[in-house]
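Enquirer: I'm passing along model.csv; it holds CSV, C-alpha atoms.
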```
chain,number,residue,atom,x,y,z
A,200,MET,CA,-7.2,17.5,5.5
A,201,ALA,CA,-8.6,18.4,8.9
A,202,GLU,CA,-11.7,16.2,8.8
A,203,ALA,CA,-11.6,12.8,10.6
A,204,VAL,CA,-10.5,10.1,8.3
A,205,THR,CA,-12.8,7.1,8.2
A,206,GLU,CA,-11.4,3.9,6.8
A,207,THR,CA,-13.3,2.8,3.7
A,208,VAL,CA,-14.2,-0.9,3.8
A,209,ILE,CA,-13.7,-2.8,0.5
A,210,ILE,CA,-16.5,-5.2,-0.4
A,211,GLY,CA,-15.0,-8.0,-2.6
A,212,ILE,CA,-16.8,-10.1,-5.2
A,213,GLY,CA,-19.8,-11.9,-3.5
A,214,GLU,CA,-19.4,-10.1,-0.2
A,215,TYR,CA,-21.8,-7.6,1.5
A,216,ARG,CA,-21.6,-5.3,4.6
A,217,VAL,CA,-24.1,-3.2,6.6
A,218,GLY,CA,-23.0,-0.1,8.4
A,219,ARG,CA,-22.4,3.6,8.6
A,220,MET,CA,-18.8,3.5,7.4
A,221,PRO,CA,-17.8,4.3,3.8
A,222,MET,CA,-17.8,1.2,1.6
A,223,SER,CA,-16.3,0.6,-1.8
A,224,SER,CA,-16.3,-2.1,-4.5
A,225,ILE,CA,-13.3,-1.9,-6.7
A,226,GLY,CA,-13.3,-2.6,-10.5
A,227,LEU,CA,-16.9,-3.6,-11.2
A,228,GLY,CA,-17.1,-5.2,-14.6
A,229,SER,CA,-20.1,-7.3,-15.3
A,230,CYS,CA,-20.7,-7.4,-11.5
A,231,ILE,CA,-23.1,-5.0,-9.8
A,232,GLY,CA,-22.5,-2.8,-6.8
A,233,LEU,CA,-26.0,-2.9,-5.1
A,234,ILE,CA,-26.6,-0.3,-2.4
A,235,ILE,CA,-29.6,-0.1,-0.2
A,236,HIS,CA,-29.7,3.2,1.8
A,237,ASP,CA,-31.9,4.3,4.6
A,238,GLN,CA,-32.7,8.0,3.9
A,239,ASP,CA,-33.7,8.7,7.5
A,240,ARG,CA,-30.8,7.1,9.4
A,241,SER,CA,-27.4,7.4,7.6
A,242,ILE,CA,-27.0,3.7,7.5
A,243,GLY,CA,-27.0,1.3,4.6
A,244,CYS,CA,-25.4,-1.7,2.9
A,245,LEU,CA,-23.4,-2.6,-0.2
A,246,ALA,CA,-23.3,-6.0,-1.9
A,247,HIS,CA,-20.9,-6.9,-4.8
A,248,VAL,CA,-23.2,-9.1,-6.9
A,249,MET,CA,-21.6,-11.4,-9.4
A,250,LEU,CA,-24.4,-13.5,-10.9
A,251,PRO,CA,-28.2,-13.2,-11.4
A,252,GLU,CA,-29.5,-16.3,-9.7
A,253,SER,CA,-28.5,-18.3,-6.7
A,254,GLN,CA,-30.2,-21.5,-7.8
A,255,GLY,CA,-30.7,-22.5,-4.2
A,256,LYS,CA,-27.2,-21.7,-2.9
A,257,THR,CA,-27.2,-19.9,0.4
A,258,ASP,CA,-23.5,-19.9,1.4
A,259,ARG,CA,-22.7,-16.5,-0.2
A,260,PRO,CA,-25.8,-14.4,-0.2
A,261,GLY,CA,-24.0,-11.2,-1.5
A,262,LYS,CA,-22.9,-13.1,-4.7
A,263,TYR,CA,-26.3,-13.4,-6.4
A,264,ALA,CA,-28.9,-10.8,-7.3
A,265,ASP,CA,-31.8,-12.7,-5.7
A,266,THR,CA,-30.2,-13.6,-2.4
A,267,ALA,CA,-28.4,-10.2,-2.1
A,268,VAL,CA,-31.7,-8.2,-2.4
A,269,GLU,CA,-33.4,-10.6,0.1
A,270,THR,CA,-30.5,-10.5,2.6
A,271,LEU,CA,-29.8,-6.8,2.4
A,272,PHE,CA,-33.5,-6.1,2.9
A,273,ALA,CA,-33.7,-8.4,5.9
A,274,GLU,CA,-30.5,-6.9,7.4
A,275,MET,CA,-31.8,-3.4,7.1
A,276,ARG,CA,-35.1,-4.4,8.7
A,277,ALA,CA,-33.2,-6.1,11.5
A,278,VAL,CA,-31.4,-2.9,12.4
A,279,GLY,CA,-34.7,-1.1,12.6
A,280,CYS,CA,-35.0,0.6,9.2
A,281,ARG,CA,-38.5,1.3,7.9
A,282,GLN,CA,-39.3,0.0,4.5
A,283,GLN,CA,-40.6,3.4,3.3
A,284,SER,CA,-37.2,4.9,4.0
A,285,LEU,CA,-35.2,2.5,1.8
A,286,VAL,CA,-33.9,3.4,-1.6
A,287,ALA,CA,-31.5,1.5,-3.9
A,288,LYS,CA,-28.5,2.6,-5.9
A,289,VAL,CA,-27.3,0.3,-8.7
A,290,VAL,CA,-23.9,0.5,-10.3
A,291,GLY,CA,-22.1,-1.8,-12.8
A,292,GLY,CA,-23.3,-4.5,-15.2
A,293,ALA,CA,-20.9,-3.5,-18.0
A,294,SER,CA,-20.1,-5.7,-21.0
A,295,MET,CA,-16.3,-5.8,-20.9
A,296,PHE,CA,-15.8,-8.1,-23.9
A,297,LYS,CA,-17.5,-7.8,-27.2
A,298,ASN,CA,-17.3,-11.3,-28.8
A,299,PHE,CA,-16.6,-14.2,-26.5
A,300,SER,CA,-18.1,-17.3,-28.1
A,301,GLY,CA,-21.2,-18.2,-26.2
A,302,THR,CA,-21.2,-15.1,-24.1
A,303,LEU,CA,-24.4,-14.8,-22.1
A,304,ASN,CA,-24.0,-11.1,-21.4
A,305,ILE,CA,-24.0,-11.6,-17.7
A,306,GLY,CA,-23.8,-7.8,-17.1
A,307,GLU,CA,-27.2,-7.2,-18.7
A,308,ARG,CA,-28.7,-10.2,-16.9
A,309,ASN,CA,-27.4,-9.0,-13.6
A,310,ILE,CA,-29.0,-5.6,-14.1
A,311,ILE,CA,-32.3,-7.1,-15.0
A,312,ALA,CA,-32.3,-9.5,-12.1
A,313,VAL,CA,-31.4,-6.7,-9.6
A,314,ARG,CA,-34.2,-4.5,-10.9
A,315,GLU,CA,-36.8,-7.2,-10.7
A,316,CYS,CA,-35.8,-8.3,-7.2
A,317,LEU,CA,-35.9,-4.7,-5.9
A,318,LYS,CA,-39.3,-4.1,-7.5
A,319,ALA,CA,-40.6,-7.3,-5.8
A,320,LYS,CA,-39.5,-5.9,-2.4
A,321,GLY,CA,-41.0,-2.5,-3.2
A,322,ILE,CA,-37.6,-0.7,-3.0
A,323,PRO,CA,-37.3,2.2,-5.5
A,324,ILE,CA,-34.1,2.7,-7.5
A,325,GLN,CA,-33.0,6.2,-6.7
A,326,ILE,CA,-29.7,6.1,-8.8
A,327,GLU,CA,-28.7,3.8,-11.5
A,328,ASP,CA,-25.4,3.9,-13.4
A,329,THR,CA,-25.2,0.6,-15.4
A,330,GLY,CA,-24.4,-1.0,-18.7
A,331,GLY,CA,-21.9,0.3,-21.3
A,332,ALA,CA,-18.4,-1.2,-21.8
A,333,GLU,CA,-16.4,0.4,-19.0
A,334,GLY,CA,-15.4,-0.8,-15.5
A,335,ARG,CA,-16.4,1.2,-12.5
A,336,THR,CA,-15.3,1.6,-8.9
A,337,VAL,CA,-18.1,2.7,-6.6
A,338,THR,CA,-17.8,4.3,-3.2
A,339,TYR,CA,-20.8,4.7,-0.9
A,340,TYR,CA,-20.9,7.2,2.1
A,341,PRO,CA,-23.9,6.2,4.3
A,342,GLY,CA,-23.1,9.0,6.7
A,343,GLU,CA,-23.1,11.8,4.1
A,344,GLY,CA,-26.7,11.5,2.9
A,345,GLY,CA,-25.9,8.2,1.1
A,346,ARG,CA,-24.0,9.9,-1.7
A,347,ILE,CA,-21.9,7.7,-4.0
A,348,THR,CA,-19.0,8.3,-6.3
A,349,VAL,CA,-18.3,6.3,-9.5
A,350,LYS,CA,-14.8,6.2,-10.8
A,351,LYS,CA,-13.8,5.0,-14.3
A,352,ALA,CA,-10.4,3.6,-15.4
A,353,ASP,CA,-9.1,6.9,-16.7
A,354,GLY,CA,-9.6,8.4,-13.2
A,355,ARG,CA,-12.8,10.4,-14.0
A,356,THR,CA,-14.9,10.4,-10.9
A,357,ARG,CA,-18.5,11.5,-10.8
A,358,GLU,CA,-20.7,12.3,-7.8
A,359,LEU,CA,-24.1,10.7,-8.0
B,204,MET,CA,-10.8,-26.5,-5.4
B,205,ILE,CA,-7.8,-28.1,-3.6
B,206,LEU,CA,-4.2,-28.2,-4.9
B,207,THR,CA,-1.6,-29.9,-2.8
B,208,ALA,CA,1.7,-28.1,-2.1
B,209,THR,CA,3.4,-30.4,-4.7
B,210,GLN,CA,0.8,-29.6,-7.3
B,211,LEU,CA,1.2,-25.9,-6.7
B,212,ASP,CA,5.0,-26.3,-7.1
B,213,ALA,CA,4.5,-28.1,-10.3
B,214,MET,CA,2.2,-25.4,-11.6
B,215,ARG,CA,4.7,-22.7,-10.6
B,216,GLU,CA,7.5,-24.6,-12.4
B,217,LEU,CA,5.3,-24.9,-15.6
B,218,GLY,CA,4.5,-21.2,-15.5
B,219,ASN,CA,8.1,-20.4,-14.9
B,220,ILE,CA,9.3,-22.2,-18.0
B,221,GLY,CA,6.5,-20.6,-20.1
B,222,ALA,CA,7.3,-17.1,-18.8
B,223,ALA,CA,11.0,-17.6,-19.6
B,224,HIS,CA,10.0,-18.4,-23.2
B,225,ALA,CA,7.8,-15.3,-23.3
B,226,ALA,CA,10.6,-13.1,-21.9
B,227,THR,CA,13.0,-14.4,-24.6
B,228,THR,CA,10.6,-13.3,-27.3
B,229,LEU,CA,10.1,-9.9,-25.7
B,230,SER,CA,13.8,-9.5,-25.4
B,231,THR,CA,14.3,-10.3,-29.1
B,232,MET,CA,11.6,-7.9,-30.1
B,233,LEU,CA,13.0,-5.0,-28.0
B,234,GLN,CA,16.6,-6.0,-28.4
B,235,ALA,CA,17.0,-5.4,-24.7
B,236,ASN,CA,17.5,-7.4,-21.6
B,237,ILE,CA,14.2,-8.5,-19.9
B,238,GLU,CA,14.1,-9.3,-16.2
B,239,MET,CA,11.6,-11.8,-14.8
B,240,SER,CA,10.3,-11.9,-11.3
B,241,VAL,CA,10.0,-15.1,-9.2
B,242,PRO,CA,6.6,-16.4,-10.3
B,243,GLU,CA,3.8,-16.5,-7.7
B,244,ILE,CA,1.0,-19.0,-7.6
B,245,ASN,CA,-2.0,-18.5,-5.3
B,246,VAL,CA,-5.3,-20.1,-4.7
B,247,ILE,CA,-7.5,-17.0,-4.2
B,248,ASP,CA,-11.0,-16.6,-2.9
B,249,ILE,CA,-13.0,-14.5,-5.4
B,250,SER,CA,-13.7,-11.9,-2.6
B,251,GLN,CA,-9.9,-11.2,-2.3
B,252,ILE,CA,-9.1,-10.8,-6.0
B,253,TYR,CA,-9.0,-7.0,-5.6
B,254,LYS,CA,-5.9,-7.5,-3.4
B,255,HIS,CA,-4.0,-9.0,-6.4
B,256,ILE,CA,-5.5,-7.0,-9.3
B,257,GLY,CA,-6.6,-3.4,-9.0
B,258,ASP,CA,-8.5,-0.7,-10.9
B,259,GLU,CA,-5.6,1.3,-12.4
B,260,MET,CA,-6.0,1.8,-16.2
B,261,ALA,CA,-4.1,-0.9,-18.1
B,262,ALA,CA,-4.2,-2.9,-21.3
B,263,LEU,CA,-5.2,-6.5,-21.0
B,264,VAL,CA,-4.7,-8.9,-23.8
B,265,LEU,CA,-6.8,-12.0,-23.1
B,266,PHE,CA,-6.4,-15.5,-24.7
B,267,GLU,CA,-8.4,-18.6,-24.1
B,268,VAL,CA,-6.1,-21.7,-23.9
B,269,THR,CA,-7.0,-24.3,-26.5
B,270,GLY,CA,-5.4,-27.5,-27.8
B,271,GLU,CA,-4.8,-30.7,-25.9
B,272,VAL,CA,-6.2,-29.5,-22.6
B,273,SER,CA,-9.8,-28.8,-21.6
B,274,ASN,CA,-11.0,-25.4,-22.8
B,275,GLY,CA,-11.9,-22.6,-20.4
B,276,GLY,CA,-8.5,-21.6,-19.0
B,277,PHE,CA,-7.1,-18.2,-19.8
B,278,VAL,CA,-3.8,-16.4,-20.2
B,279,LEU,CA,-3.7,-12.6,-19.7
B,280,LEU,CA,-1.0,-10.2,-20.7
B,281,HIS,CA,-1.3,-7.1,-18.4
B,282,VAL,CA,0.5,-3.9,-19.4
B,283,PRO,CA,0.0,-0.7,-17.4
B,284,LYS,CA,-0.9,2.4,-19.6
B,285,ASP,CA,2.5,4.1,-19.3
B,286,SER,CA,4.3,0.9,-20.2
B,287,VAL,CA,2.0,0.4,-23.3
B,288,ILE,CA,3.2,3.8,-24.7
B,289,ARG,CA,6.8,3.1,-23.9
B,290,LEU,CA,6.5,-0.4,-25.4
B,291,THR,CA,5.1,0.9,-28.7
B,292,ASN,CA,7.7,3.7,-28.7
B,293,ALA,CA,10.5,1.3,-28.2
B,294,MET,CA,9.3,-0.8,-31.1
B,295,LEU,CA,8.9,2.2,-33.4
B,296,GLY,CA,12.0,4.1,-32.2
B,297,SER,CA,9.8,7.0,-30.9
B,298,THR,CA,10.3,8.8,-27.5
B,299,GLU,CA,7.1,10.9,-27.2
B,300,MET,CA,5.5,10.1,-23.9
B,301,GLU,CA,2.9,12.9,-23.7
B,302,ARG,CA,0.3,11.3,-25.9
B,303,GLU,CA,-2.8,9.2,-25.6
B,304,MET,CA,-3.1,5.6,-26.7
B,305,THR,CA,-3.9,5.1,-30.3
B,306,GLU,CA,-4.8,2.4,-32.8
B,307,MET,CA,-1.1,1.9,-33.3
B,308,ASP,CA,-0.7,0.9,-29.6
B,309,ASN,CA,-3.7,-1.5,-29.9
B,310,SER,CA,-2.1,-3.2,-33.0
B,311,ALA,CA,1.3,-3.4,-31.2
B,312,LEU,CA,-0.3,-4.9,-28.1
B,313,LEU,CA,-2.2,-7.5,-30.0
B,314,GLU,CA,0.9,-8.5,-32.0
B,315,ILE,CA,3.2,-8.5,-29.0
B,316,GLY,CA,0.6,-10.3,-26.9
B,317,ASN,CA,0.2,-13.0,-29.6
B,318,ILE,CA,3.9,-13.6,-29.8
B,319,MET,CA,4.6,-13.6,-26.1
B,320,VAL,CA,1.6,-15.7,-25.2
B,321,SER,CA,2.2,-18.2,-28.0
B,322,ALA,CA,5.7,-18.6,-26.6
B,323,PHE,CA,4.4,-18.9,-23.0
B,324,LEU,CA,2.1,-21.7,-24.0
B,325,ASP,CA,4.7,-23.4,-26.2
B,326,GLY,CA,7.1,-23.5,-23.3
B,327,THR,CA,4.5,-24.8,-20.9
B,328,ALA,CA,3.0,-27.4,-23.3
B,329,GLY,CA,6.5,-28.5,-24.4
B,330,LEU,CA,7.3,-29.7,-20.9
B,331,LEU,CA,4.1,-31.6,-20.8
B,332,ASN,CA,4.7,-33.0,-24.3
B,333,ILE,CA,1.3,-31.7,-25.6
B,334,ILE,CA,0.1,-28.8,-27.7
B,335,MET,CA,-1.5,-25.7,-26.3
B,336,LEU,CA,-2.5,-22.8,-28.5
B,337,PRO,CA,-3.9,-19.3,-27.7
B,338,SER,CA,-7.3,-18.3,-29.1
B,339,PRO,CA,-7.5,-15.1,-31.1
B,340,PRO,CA,-6.8,-12.3,-28.6
B,341,GLN,CA,-9.3,-9.9,-27.0
B,342,LEU,CA,-8.0,-6.5,-26.1
B,343,VAL,CA,-9.5,-4.5,-23.2
B,344,ILE,CA,-8.1,-1.1,-22.0
B,345,ASP,CA,-9.8,-0.6,-18.7
B,346,MET,CA,-9.7,-1.7,-15.1
B,347,PRO,CA,-8.0,-5.1,-14.7
B,348,HIS,CA,-10.3,-6.2,-11.9
B,349,ALA,CA,-13.3,-5.3,-14.0
B,350,ALA,CA,-12.0,-7.4,-16.9
B,351,LEU,CA,-11.1,-10.3,-14.7
B,352,GLU,CA,-14.4,-10.5,-12.9
B,353,ALA,CA,-16.2,-10.4,-16.2
B,354,VAL,CA,-14.0,-13.3,-17.5
B,355,LEU,CA,-14.9,-15.3,-14.4
B,356,ALA,CA,-18.6,-14.5,-14.6
B,357,GLU,CA,-19.1,-14.8,-18.3
B,358,THR,CA,-16.9,-17.8,-19.2
B,359,THR,CA,-16.8,-20.2,-16.2
B,360,ALA,CA,-19.7,-22.4,-16.7
B,361,ALA,CA,-19.4,-23.6,-13.1
B,362,ASP,CA,-20.2,-21.1,-10.3
B,363,ILE,CA,-16.8,-20.8,-8.6
B,364,ASN,CA,-15.6,-19.4,-5.3
B,365,GLU,CA,-11.9,-19.8,-5.7
B,366,VAL,CA,-9.4,-19.3,-8.6
B,367,VAL,CA,-5.9,-20.5,-9.1
B,368,LEU,CA,-3.8,-17.5,-10.3
B,369,PHE,CA,-0.3,-17.7,-11.6
B,370,ARG,CA,1.5,-14.4,-12.1
B,371,THR,CA,5.0,-13.4,-13.1
B,372,GLU,CA,6.3,-9.9,-13.9
B,373,LEU,CA,8.5,-9.2,-17.0
B,374,PHE,CA,10.2,-5.8,-17.1
B,375,SER,CA,12.8,-3.9,-19.1
B,376,ASP,CA,15.0,-1.5,-17.0
B,377,ARG,CA,16.3,0.1,-20.2
B,378,TYR,CA,12.8,1.1,-21.5
B,379,GLU,CA,11.1,1.2,-18.1
B,380,ILE,CA,8.5,-1.2,-19.4
B,381,ALA,CA,6.5,-3.4,-16.9
B,382,SER,CA,4.1,-6.2,-17.8
B,383,ASN,CA,2.6,-9.2,-16.1
B,384,ILE,CA,1.6,-12.6,-17.4
B,385,PHE,CA,-1.3,-14.2,-15.7
B,386,LEU,CA,-2.4,-17.8,-16.2
B,387,LEU,CA,-5.9,-18.6,-15.0
B,388,PRO,CA,-6.6,-22.3,-15.4
B,389,ASN,CA,-10.0,-23.6,-14.7
B,390,GLN,CA,-10.7,-26.9,-12.8
B,391,PRO,CA,-10.8,-29.2,-15.9
B,392,MET,CA,-7.6,-27.7,-17.3
B,393,LEU,CA,-5.9,-28.1,-13.9
B,394,GLN,CA,-6.9,-31.7,-13.8
B,395,ASP,CA,-5.7,-32.3,-17.3
B,396,ILE,CA,-2.3,-30.8,-16.5
B,397,MET,CA,-1.9,-32.6,-13.2
B,398,GLY,CA,-2.8,-35.9,-14.9
B,399,ARG,CA,-0.3,-35.3,-17.6
B,400,LEU,CA,2.4,-34.4,-15.1
B,401,GLU,CA,1.8,-37.6,-13.1
B,402,ASP,CA,2.0,-39.7,-16.3
B,403,LEU,CA,5.3,-38.1,-17.2
B,404,VAL,CA,6.7,-38.7,-13.7
B,405,ARG,CA,5.6,-42.3,-13.7
B,406,GLY,CA,7.1,-42.8,-17.2
B,407,MET,CA,10.5,-41.6,-16.1
```
Here is the file; what I need is its structure written in the form of structure tokens.
Expert:
Amino acid sequence: MAEAVTETVIIGIGEYRVGRMPMSSIGLGSCIGLIIHDQDRSIGCLAHVMLPESQGKTDRPGKYADTAVETLFAEMRAVGCRQQSLVAKVVGGASMFKNFSGTLNIGERNIIAVRECLKAKGIPIQIEDTGGAEGRTVTYYPGEGGRITVKKADGRTREL
Amino acid sequence: MILTATQLDAMRELGNIGAAHAATTLSTMLQANIEMSVPEINVIDISQIYKHIGDEMAALVLFEVTGEVSNGGFVLLHVPKDSVIRLTNAMLGSTEMEREMTEMDNSALLEIGNIMVSAFLDGTAGLLNIIMLPSPPQLVIDMPHAALEAVLAETTAADINEVVLFRTELFSDRYEIASNIFLLPNQPMLQDIMGRLEDLVRGM
């Protein structure tokens, strides 16, 4: 390949990053890959959200839907993004296991929490690939129009 | 979550004995020699789990540990897709590799998983002089990281930032079958095991 290779940054469970480099979250199950992209400036952020509510915790803002949306929005504003340019992409929230006793279906709750928090901030969801029973690996390219790819376990990769 | 070096060693030794029992049962089922890697035990931050478990398609047979320890710890048998097919083939005397996984593979995985994990827990619990039993298995054929993070999110009542992960690899050179056994104790289960170990040492 002749094109310049840019290192993809892996965002682990509960982490987030802001930048122009490609970012990826590997093996999303019930977790959500939450992307907020600036359509005018080739910059954005990705958080690997694990749980719907922070319940007052502030040490890992990327880990919870409520603090992740709040923090990503603030970070984007801090680097000079206009609110009207921001769109969200939401990936993950699968139900990997059918019948755990007392399962709370955390995947579904994560999806709902992320949607509600984004709505409250006035950020439209441009792309959503959520639910189902399969894991996903998401990769986000802020510098290429904010395109994302979603890979499944069997290797099928879709451009979204 | 803090484990001292001594406690980590104790956990590694417990897992080692369990894994040796599991290897023996696999060896009997396949009538082949089974090699076992040196077990690893790590305290891992949740953000770093992807460095230990990836997104390559594999079968995961998941058991909750029950019995005379606090519930909420898990044992996972992880078998990569190619090894699943070789494993079923070895059991059934078939050699066809160019096929998709079928119901037959699922049944074989659940059965082998049950036998190996029961042996793993027997070995571990025997040393502690208690009883540990596996719950009925759950089979997932997907990305191991996705399954593990779902286990952590859905089943740990406490909101955790670190996990203790024990891992050992069992493999058959003859059949080119690789598999991993993971033990994922939660904090109450760890405390029970450590308390039990201290009692045993004191009683010696």
Enquirer: Determine, counting only C-alpha atoms, which protein, DNA and RNA residues have an atom within 8 Å of an atom of Gly331 in chain A; residues of the same chain fewer than 5 positions away are not included. Present the result as JSON, numbers by chain.
Expert: {"A": [292, 293, 294]}
Enquirer: For the atom pair CA of Gly218 in chain B and CA of Cys230 in chain A, what is the interatomic distance in Å to one decimal place?
Expert: 29.0 Å
Enquirer: Would you kindly return, as a list in words, each protein, DNA or RNA residue with an atom no farther than 10 Å from any atom of Glu343 in chain A, considering only C-alpha atoms and excluding same-chain residues fewer than 2 positions away?
Expert: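 Once the adjacent positions are removed, what remains is Arg219, Met220, Pro221, Ser241, Ile242, Tyr339, Tyr340, Pro341, Gly345, Arg346 and Ile347 of chain A.
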Enquirer: May I have the residues at most 8 Å from (-27.4, -1.1, -6.1) in the file's coordinates, counting all atoms listed in the file, as number ranges by chain?
Expert: A: 231-235, 245-246, 287-290, 313, 324, 327
Enquirer: Residues of chain A that approach chain B to 7 Å or less, counting only C-alpha atoms: could you list each one with the shortest pair of atoms and its distance in Å to one decimal, rows by chain and increasing residue number, as JSON lines?
Expert:
```
{"residue": "A:Gly211", "atom": "CA", "partner": "B:Ser250", "partner_atom": "CA", "distance": 4.1}
{"residue": "A:Ile212", "atom": "CA", "partner": "B:Ser250", "partner_atom": "CA", "distance": 4.4}
{"residue": "A:Gly213", "atom": "CA", "partner": "B:Ser250", "partner_atom": "CA", "distance": 6.2}
{"residue": "A:Glu214", "atom": "CA", "partner": "B:Ser250", "partner_atom": "CA", "distance": 6.4}
{"residue": "A:Ile225", "atom": "CA", "partner": "B:Asp258", "partner_atom": "CA", "distance": 6.5}
{"residue": "A:Gly226", "atom": "CA", "partner": "B:Ala349", "partner_atom": "CA", "distance": 4.4}
{"residue": "A:Leu227", "atom": "CA", "partner": "B:Ala349", "partner_atom": "CA", "distance": 4.9}
{"residue": "A:Gly228", "atom": "CA", "partner": "B:Ala349", "partner_atom": "CA", "distance": 3.8}
{"residue": "A:Ser229", "atom": "CA", "partner": "B:Ala353", "partner_atom": "CA", "distance": 5.1}
{"residue": "A:Met249", "atom": "CA", "partner": "B:Ala356", "partner_atom": "CA", "distance": 6.8}
{"residue": "A:Leu250", "atom": "CA", "partner": "B:Ala356", "partner_atom": "CA", "distance": 7.0}
{"residue": "A:Met295", "atom": "CA", "partner": "B:Ala350", "partner_atom": "CA", "distance": 6.1}
{"residue": "A:Thr302", "atom": "CA", "partner": "B:Glu357", "partner_atom": "CA", "distance": 6.2}
{"residue": "A:Leu303", "atom": "CA", "partner": "B:Glu357", "partner_atom": "CA", "distance": 6.5}
{"residue": "A:Asn304", "atom": "CA", "partner": "B:Glu357", "partner_atom": "CA", "distance": 6.9}
{"residue": "A:Ile305", "atom": "CA", "partner": "B:Glu357", "partner_atom": "CA", "distance": 5.9}
{"residue": "A:Glu333", "atom": "CA", "partner": "B:Asp345", "partner_atom": "CA", "distance": 6.7}
{"residue": "A:Gly334", "atom": "CA", "partner": "B:Ala349", "partner_atom": "CA", "distance": 5.2}
{"residue": "A:Ala352", "atom": "CA", "partner": "B:Met260", "partner_atom": "CA", "distance": 4.8}
{"residue": "A:Asp353", "atom": "CA", "partner": "B:Met260", "partner_atom": "CA", "distance": 6.0}
```
Enquirer: Find the residues around Leu324 in chain B up to 12 Å (only C-alpha atoms counted), leave out those fewer than 5 positions away in its own chain, and share them as a PyMOL selection string.
Expert: chain B and resi 217-225+266-272+276-279+316-319+329-338+384-386
Enquirer: Hey, which of A:Phe296, A:Gln283, A:Lys351, A:Leu359 ends up closest to Pro340 in chain B? Count only C-alpha atoms.
Expert: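 Closest candidate: A:Phe296.
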Enquirer: Once N, CA and C atoms are restored for range 286-299 of chain B, what would the output be as a PDB file, in the frame of the given file?
Expert:
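Here's the written file part_31.pdb:
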```pdb
ATOM      1  N   SER B 286       3.415   1.900 -19.599  1.00  0.00           N
ATOM      2  CA  SER B 286       4.300   0.900 -20.200  1.00  0.00           C
ATOM      3  C   SER B 286       3.842   0.594 -21.654  1.00  0.00           C
ATOM      4  N   VAL B 287       2.534   0.691 -21.913  1.00  0.00           N
ATOM      5  CA  VAL B 287       2.000   0.400 -23.300  1.00  0.00           C
ATOM      6  C   VAL B 287       2.676   1.454 -24.227  1.00  0.00           C
ATOM      7  N   ILE B 288       2.640   2.726 -23.807  1.00  0.00           N
ATOM      8  CA  ILE B 288       3.200   3.800 -24.700  1.00  0.00           C
ATOM      9  C   ILE B 288       4.684   3.613 -24.850  1.00  0.00           C
ATOM     10  N   ARG B 289       5.384   3.278 -23.749  1.00  0.00           N
ATOM     11  CA  ARG B 289       6.800   3.100 -23.900  1.00  0.00           C
ATOM     12  C   ARG B 289       7.155   1.863 -24.752  1.00  0.00           C
ATOM     13  N   LEU B 290       6.304   0.827 -24.653  1.00  0.00           N
ATOM     14  CA  LEU B 290       6.500  -0.400 -25.400  1.00  0.00           C
ATOM     15  C   LEU B 290       6.380  -0.102 -26.931  1.00  0.00           C
ATOM     16  N   THR B 291       5.295   0.585 -27.317  1.00  0.00           N
ATOM     17  CA  THR B 291       5.100   0.900 -28.700  1.00  0.00           C
ATOM     18  C   THR B 291       6.232   1.853 -29.186  1.00  0.00           C
ATOM     19  N   ASN B 292       6.582   2.829 -28.345  1.00  0.00           N
ATOM     20  CA  ASN B 292       7.700   3.700 -28.700  1.00  0.00           C
ATOM     21  C   ASN B 292       8.972   2.987 -28.935  1.00  0.00           C
ATOM     22  N   ALA B 293       9.266   2.035 -28.052  1.00  0.00           N
ATOM     23  CA  ALA B 293      10.500   1.300 -28.200  1.00  0.00           C
ATOM     24  C   ALA B 293      10.532   0.488 -29.485  1.00  0.00           C
ATOM     25  N   MET B 294       9.360  -0.060 -29.849  1.00  0.00           N
ATOM     26  CA  MET B 294       9.300  -0.800 -31.100  1.00  0.00           C
ATOM     27  C   MET B 294       9.464   0.065 -32.303  1.00  0.00           C
ATOM     28  N   LEU B 295       8.950   1.299 -32.213  1.00  0.00           N
ATOM     29  CA  LEU B 295       8.900   2.200 -33.400  1.00  0.00           C
ATOM     30  C   LEU B 295      10.068   3.223 -33.341  1.00  0.00           C
ATOM     31  N   GLY B 296      10.875   3.197 -32.285  1.00  0.00           N
ATOM     32  CA  GLY B 296      12.000   4.100 -32.200  1.00  0.00           C
ATOM     33  C   GLY B 296      11.517   5.563 -31.886  1.00  0.00           C
ATOM     34  N   SER B 297      10.358   5.706 -31.241  1.00  0.00           N
ATOM     35  CA  SER B 297       9.800   7.000 -30.900  1.00  0.00           C
ATOM     36  C   SER B 297      10.093   7.277 -29.392  1.00  0.00           C
ATOM     37  N   THR B 298      10.037   8.532 -28.963  1.00  0.00           N
ATOM     38  CA  THR B 298      10.300   8.800 -27.500  1.00  0.00           C
ATOM     39  C   THR B 298       9.150   9.662 -26.945  1.00  0.00           C
ATOM     40  N   GLU B 299       8.135   9.988 -27.733  1.00  0.00           N
ATOM     41  CA  GLU B 299       7.100  10.900 -27.200  1.00  0.00           C
ATOM     42  C   GLU B 299       6.212  10.202 -26.198  1.00  0.00           C
TER      43      GLU B 299
END
```
